[in-house]
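**Q** Quick one: structure below, then a few questions.
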Amino acid sequence: MLKNRLSTIYLLLLLSGCEMFSPPKIELGIPDEIPDRFVLDFSSQAGNISWDSILVVKPYSEPNLDFLKGNQGMLSLSGTDIHILTLYTLQQKIVGYSLVPRVLDLYQLWENSESSDKDVYIFSREEAKFSFEKSGEDYLLNLDDTWKAPEVKELSMHETANYLLANITEINYSYQEVFNRSFFINVYTLNDSKATPLEYFEEYDGVLSSILISIIPDGDYYSQSKLFKIEGLENPKIVSLKEEEFPEFVITVESGPVENRQTSEYKFKGIND
């Protein structure tokens, strides 16, 4: 008997690890008698699960959700006139869903947008708050209350980030997937006066360049990402980015004066040890 129970528990854990369980449905606390003005605040409605954003899916659309884990079978819920599918996500994984009744006209997101061809709208948890006002039998989306221009945040005081961003001259790789999306690579070339020795100007009328390499694990795990800098390169050119034995990859860089170009290889690990 104990052996059978252990086997059952093991099977359940195995199925869970394979993401064969559907994300839970979050019932929305919408009253039977909806007031003339009603605010649908997803952060309070779905406060019993951890999530960082929602996707509002256009009815009868076929969006590509391959970038999300746990999306199996979800789109079958969008092909109806009864409700609109919303997906709760955490670090690019679906952790729950809700069905918003069409009486609350979220479809106005598409009817009142220049991007009516979009299949999904993505809102952060802080943005996932929609105001409706009764009009006839339906409740129209109050765009004046829903759409608020985000505030500008000045980051000038972040001197290092400000310096690096201000001096980027070329984007060599942007979110380049490596090892079947196990992690992603961003590579930037920048003018780097801070990495240029003063005596260098005697023979070279300019500054040296540096290369920034950002390594991001699968999902938005910014706290685990890596950032590297190759300094003091003259007229660098990225020759290649090649996978080696997981999780290592090599970036080959050519640099130097026209008459004496040199090629160097730099090896990186894509995940933390």
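In the structure tokens, chains take letters A, B, ... by order of appearance, with residues numbered from 1 within each chain and ligands from 1 in the order shown.
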Can you list every residue in region 37-228 of chain A that DSSP puts in strand (DSSP E), as JSON, numbers by chain?
**A** {"A": [37, 38, 39, 40, 41, 53, 54, 55, 56, 57, 83, 84, 85, 86, 87, 88, 89, 90, 93, 94, 95, 96, 97, 98, 99, 100, 101, 104, 105, 120, 121, 122, 123, 124, 129, 130, 131, 132, 133, 134, 135, 138, 139, 140, 141, 168, 169, 170, 171, 172, 173, 174, 175, 176, 177, 178, 183, 184, 185, 186, 187, 188, 189, 190, 191, 209, 210, 211, 212, 213, 214, 215, 216, 217, 226, 227, 228]}
**Q** Give me, as a PyMOL selection string, all polymer residues having an atom no more than 10 Å from Leu164 (chain A), counting only C-alpha atoms and skipping those fewer than 3 positions away in the same chain.
**A** chain A and resi 159-161+167-168+188-192+210+212
**Q** Residues of the last selection are to be written out with N, CA and C atoms, as a PDB file, in the first residue's frame.
**A**
ATOM      1  N   GLU A 159      25.567  57.056 -12.983  1.00  0.00           N
ATOM      2  CA  GLU A 159      26.636  57.526 -13.860  1.00  0.00           C
ATOM      3  C   GLU A 159      27.166  56.443 -14.796  1.00  0.00           C
ATOM      4  N   THR A 160      27.376  55.235 -14.273  1.00  0.00           N
ATOM      5  CA  THR A 160      27.946  54.180 -15.114  1.00  0.00           C
ATOM      6  C   THR A 160      26.992  53.791 -16.234  1.00  0.00           C
ATOM      7  N   ALA A 161      25.719  53.558 -15.887  1.00  0.00           N
ATOM      8  CA  ALA A 161      24.730  53.191 -16.902  1.00  0.00           C
ATOM      9  C   ALA A 161      24.561  54.318 -17.910  1.00  0.00           C
ATOM     10  N   ASN A 167      27.268  56.093 -25.030  1.00  0.00           N
ATOM     11  CA  ASN A 167      28.399  55.894 -25.936  1.00  0.00           C
ATOM     12  C   ASN A 167      28.271  54.668 -26.831  1.00  0.00           C
ATOM     13  N   ILE A 168      27.127  53.982 -26.800  1.00  0.00           N
ATOM     14  CA  ILE A 168      26.927  52.835 -27.687  1.00  0.00           C
ATOM     15  C   ILE A 168      26.899  53.306 -29.141  1.00  0.00           C
ATOM     16  N   TYR A 188      27.139  44.884 -27.508  1.00  0.00           N
ATOM     17  CA  TYR A 188      27.157  46.268 -27.955  1.00  0.00           C
ATOM     18  C   TYR A 188      28.604  46.748 -28.053  1.00  0.00           C
ATOM     19  N   THR A 189      28.869  47.555 -29.073  1.00  0.00           N
ATOM     20  CA  THR A 189      30.160  48.239 -29.191  1.00  0.00           C
ATOM     21  C   THR A 189      29.958  49.703 -28.805  1.00  0.00           C
ATOM     22  N   LEU A 190      30.910  50.257 -28.024  1.00  0.00           N
ATOM     23  CA  LEU A 190      30.777  51.643 -27.595  1.00  0.00           C
ATOM     24  C   LEU A 190      32.121  52.344 -27.619  1.00  0.00           C
ATOM     25  N   ASN A 191      32.079  53.650 -27.861  1.00  0.00           N
ATOM     26  CA  ASN A 191      33.269  54.480 -27.696  1.00  0.00           C
ATOM     27  C   ASN A 191      33.560  54.592 -26.203  1.00  0.00           C
ATOM     28  N   ASP A 192      34.817  54.383 -25.832  1.00  0.00           N
ATOM     29  CA  ASP A 192      35.126  54.309 -24.406  1.00  0.00           C
ATOM     30  C   ASP A 192      36.351  55.155 -24.083  1.00  0.00           C
ATOM     31  N   SER A 210      35.114  49.692 -26.627  1.00  0.00           N
ATOM     32  CA  SER A 210      34.920  48.533 -25.760  1.00  0.00           C
ATOM     33  C   SER A 210      33.695  47.772 -26.230  1.00  0.00           C
ATOM     34  N   LEU A 212      30.473  45.414 -24.806  1.00  0.00           N
ATOM     35  CA  LEU A 212      29.671  44.941 -23.678  1.00  0.00           C
ATOM     36  C   LEU A 212      28.981  43.647 -24.065  1.00  0.00           C
TER      37      LEU A 212
END
**Q** Report as a list in words all protein, DNA and RNA residues lying within 10 Å of Ser193 (chain A), evaluated on only C-alpha atoms, omitting residues in the same chain fewer than 5 positions from it.
**A** Asn167, Leu198, Gly206, Val207, Leu208, Ser209, Ser210 and Gly232 of chain A
**Q** Pick out each residue of region 29-134 of chain A that DSSP on the backbone tags as alpha helix (DSSP H); I need them as a list in words.
**A**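 In region 29-134 of chain A, DSSP puts these residues in alpha helix (DSSP H): Phe42, Ser43, Ser44, Gln45, Gln108, Leu109, Trp110 and Glu111 of chain A.
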**Q** Using only C-alpha atoms, find the one residue out of A:Val100, A:Phe38, A:Asp218, A:Ala195 that sits nearest to Leu141 (chain A).
**A**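 Using only C-alpha atoms, the shortest distance to Leu141 (chain A) belongs to A:Phe38.
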**Q** Leaving out Leu77 (chain A) and any residue of its chain fewer than 6 positions from it, which residues lie within 9 Å of it when counting only C-alpha atoms, given as a list in words?
**A**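 Residues near the query, excluding close chain neighbours: Pro59, His83, Ile84, Leu85 and Leu99 of chain A.
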**Q** If I take CA of Gly270 (chain A) and CA of Lys229 (chain A), how far is one from the other in Å, to one decimal?
**A** 14.8 Å
**Q** Identify, on the basis of only C-alpha atoms, every residue whose closest approach to region 174-186 of chain A does not exceed 8 Å; exclude the query and any residue fewer than 6 positions from it along the same chain; express the result as a list in words.
**A**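 My reading of the contact set: Leu212, Ile213, Ser214, Ile215, Ile216, Pro217, Asp218, Glu243, Phe246, Pro247, Gly270 and Ile271 of chain A.
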**Q** Mind dumping the selected residues with N, CA and C atoms as a compact mmCIF listing (two decimals), in the first residue's frame?
**A**
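For reference, result.txt as written:
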# COMPACT_ATOMS: atom_id res chain seq x y z
N LEU A 212 30.47 45.41 -24.81
CA LEU A 212 29.67 44.94 -23.68
C LEU A 212 28.98 43.65 -24.07
N ILE A 213 29.02 42.67 -23.17
CA ILE A 213 28.35 41.38 -23.40
C ILE A 213 27.40 41.14 -22.24
N SER A 214 26.12 41.09 -22.55
CA SER A 214 25.09 40.81 -21.54
C SER A 214 24.54 39.40 -21.78
N ILE A 215 24.51 38.59 -20.73
CA ILE A 215 24.04 37.21 -20.82
C ILE A 215 22.82 37.06 -19.92
N ILE A 216 21.69 36.69 -20.52
CA ILE A 216 20.42 36.65 -19.80
C ILE A 216 19.88 35.22 -19.82
N PRO A 217 19.65 34.60 -18.67
CA PRO A 217 19.05 33.26 -18.65
C PRO A 217 17.64 33.28 -19.21
N ASP A 218 17.13 32.12 -19.56
CA ASP A 218 15.76 31.99 -20.05
C ASP A 218 14.80 32.56 -19.02
N GLU A 243 28.59 28.60 -30.35
CA GLU A 243 28.38 27.72 -29.21
C GLU A 243 29.51 26.72 -29.12
N PHE A 246 28.03 23.10 -23.85
CA PHE A 246 27.12 23.80 -22.96
C PHE A 246 27.71 23.90 -21.55
N PRO A 247 27.65 25.09 -20.94
CA PRO A 247 26.99 26.32 -21.36
C PRO A 247 27.97 27.37 -21.89
N GLY A 270 27.32 30.75 -20.04
CA GLY A 270 26.01 31.38 -20.14
C GLY A 270 25.15 31.29 -18.91
N ILE A 271 25.51 30.46 -17.93
CA ILE A 271 24.72 30.35 -16.72
C ILE A 271 25.63 30.41 -15.53
**Q** Calculated over only C-alpha atoms, which of the candidates A:Thr196, A:Ser53, A:Ser156, A:Gln224 has the smallest distance to Arg125 (chain A)?
**A** A:Ser53
**Q** Rounded to one decimal, what separation in Å do you get between CA of Lys69 (chain A) and CA of Thr89 (chain A)?
**A**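 Answer for the CA of Lys69 (chain A) to CA of Thr89 (chain A) separation: 9.0 Å.
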**Q** Where does region 59-160 of chain A meet region 20-37 of chain A within 9 Å, residue by residue, with the nearest atom pair and distance in Å to one decimal for each, counting only C-alpha atoms, listed by chain and rising number, as CSV?
**A**
residue,atom,partner,partner_atom,distance
A:Gly70,CA,A:Pro23,CA,7.2
A:Asn71,CA,A:Ser22,CA,8.5
A:Gln72,CA,A:Ser22,CA,7.8
A:Gly73,CA,A:Ser22,CA,8.1
A:Met74,CA,A:Ser22,CA,8.5
A:Ile94,CA,A:Pro23,CA,6.7
A:Val95,CA,A:Pro23,CA,5.3
A:Gly96,CA,A:Pro23,CA,4.7
A:Tyr97,CA,A:Lys25,CA,5.0
A:Ser98,CA,A:Ile26,CA,5.1
A:Leu99,CA,A:Glu27,CA,7.7
A:Val100,CA,A:Leu28,CA,7.6
A:Ser131,CA,A:Arg37,CA,7.3
A:Phe132,CA,A:Arg37,CA,5.7
A:Glu133,CA,A:Arg37,CA,4.6
A:Lys134,CA,A:Asp36,CA,4.9
A:Ser135,CA,A:Asp36,CA,8.3
A:Tyr139,CA,A:Asp36,CA,7.8
**Q** Considering only C-alpha atoms, state which residue in the set A:Lys129, A:Ile211, A:Leu227, A:Gln91 is at the smallest distance from Glu254 (chain A).
**A**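 Among A:Lys129, A:Ile211, A:Leu227, A:Gln91, it is A:Ile211 that comes nearest to Glu254 (chain A).
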**Q** So, counting only C-alpha atoms, which residue among A:Trp110, A:Ala128, A:Lys269, A:Asp81 is closest to Asp41 (chain A)?
**A**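 The answer is A:Ala128, which sits nearest to Asp41 (chain A).
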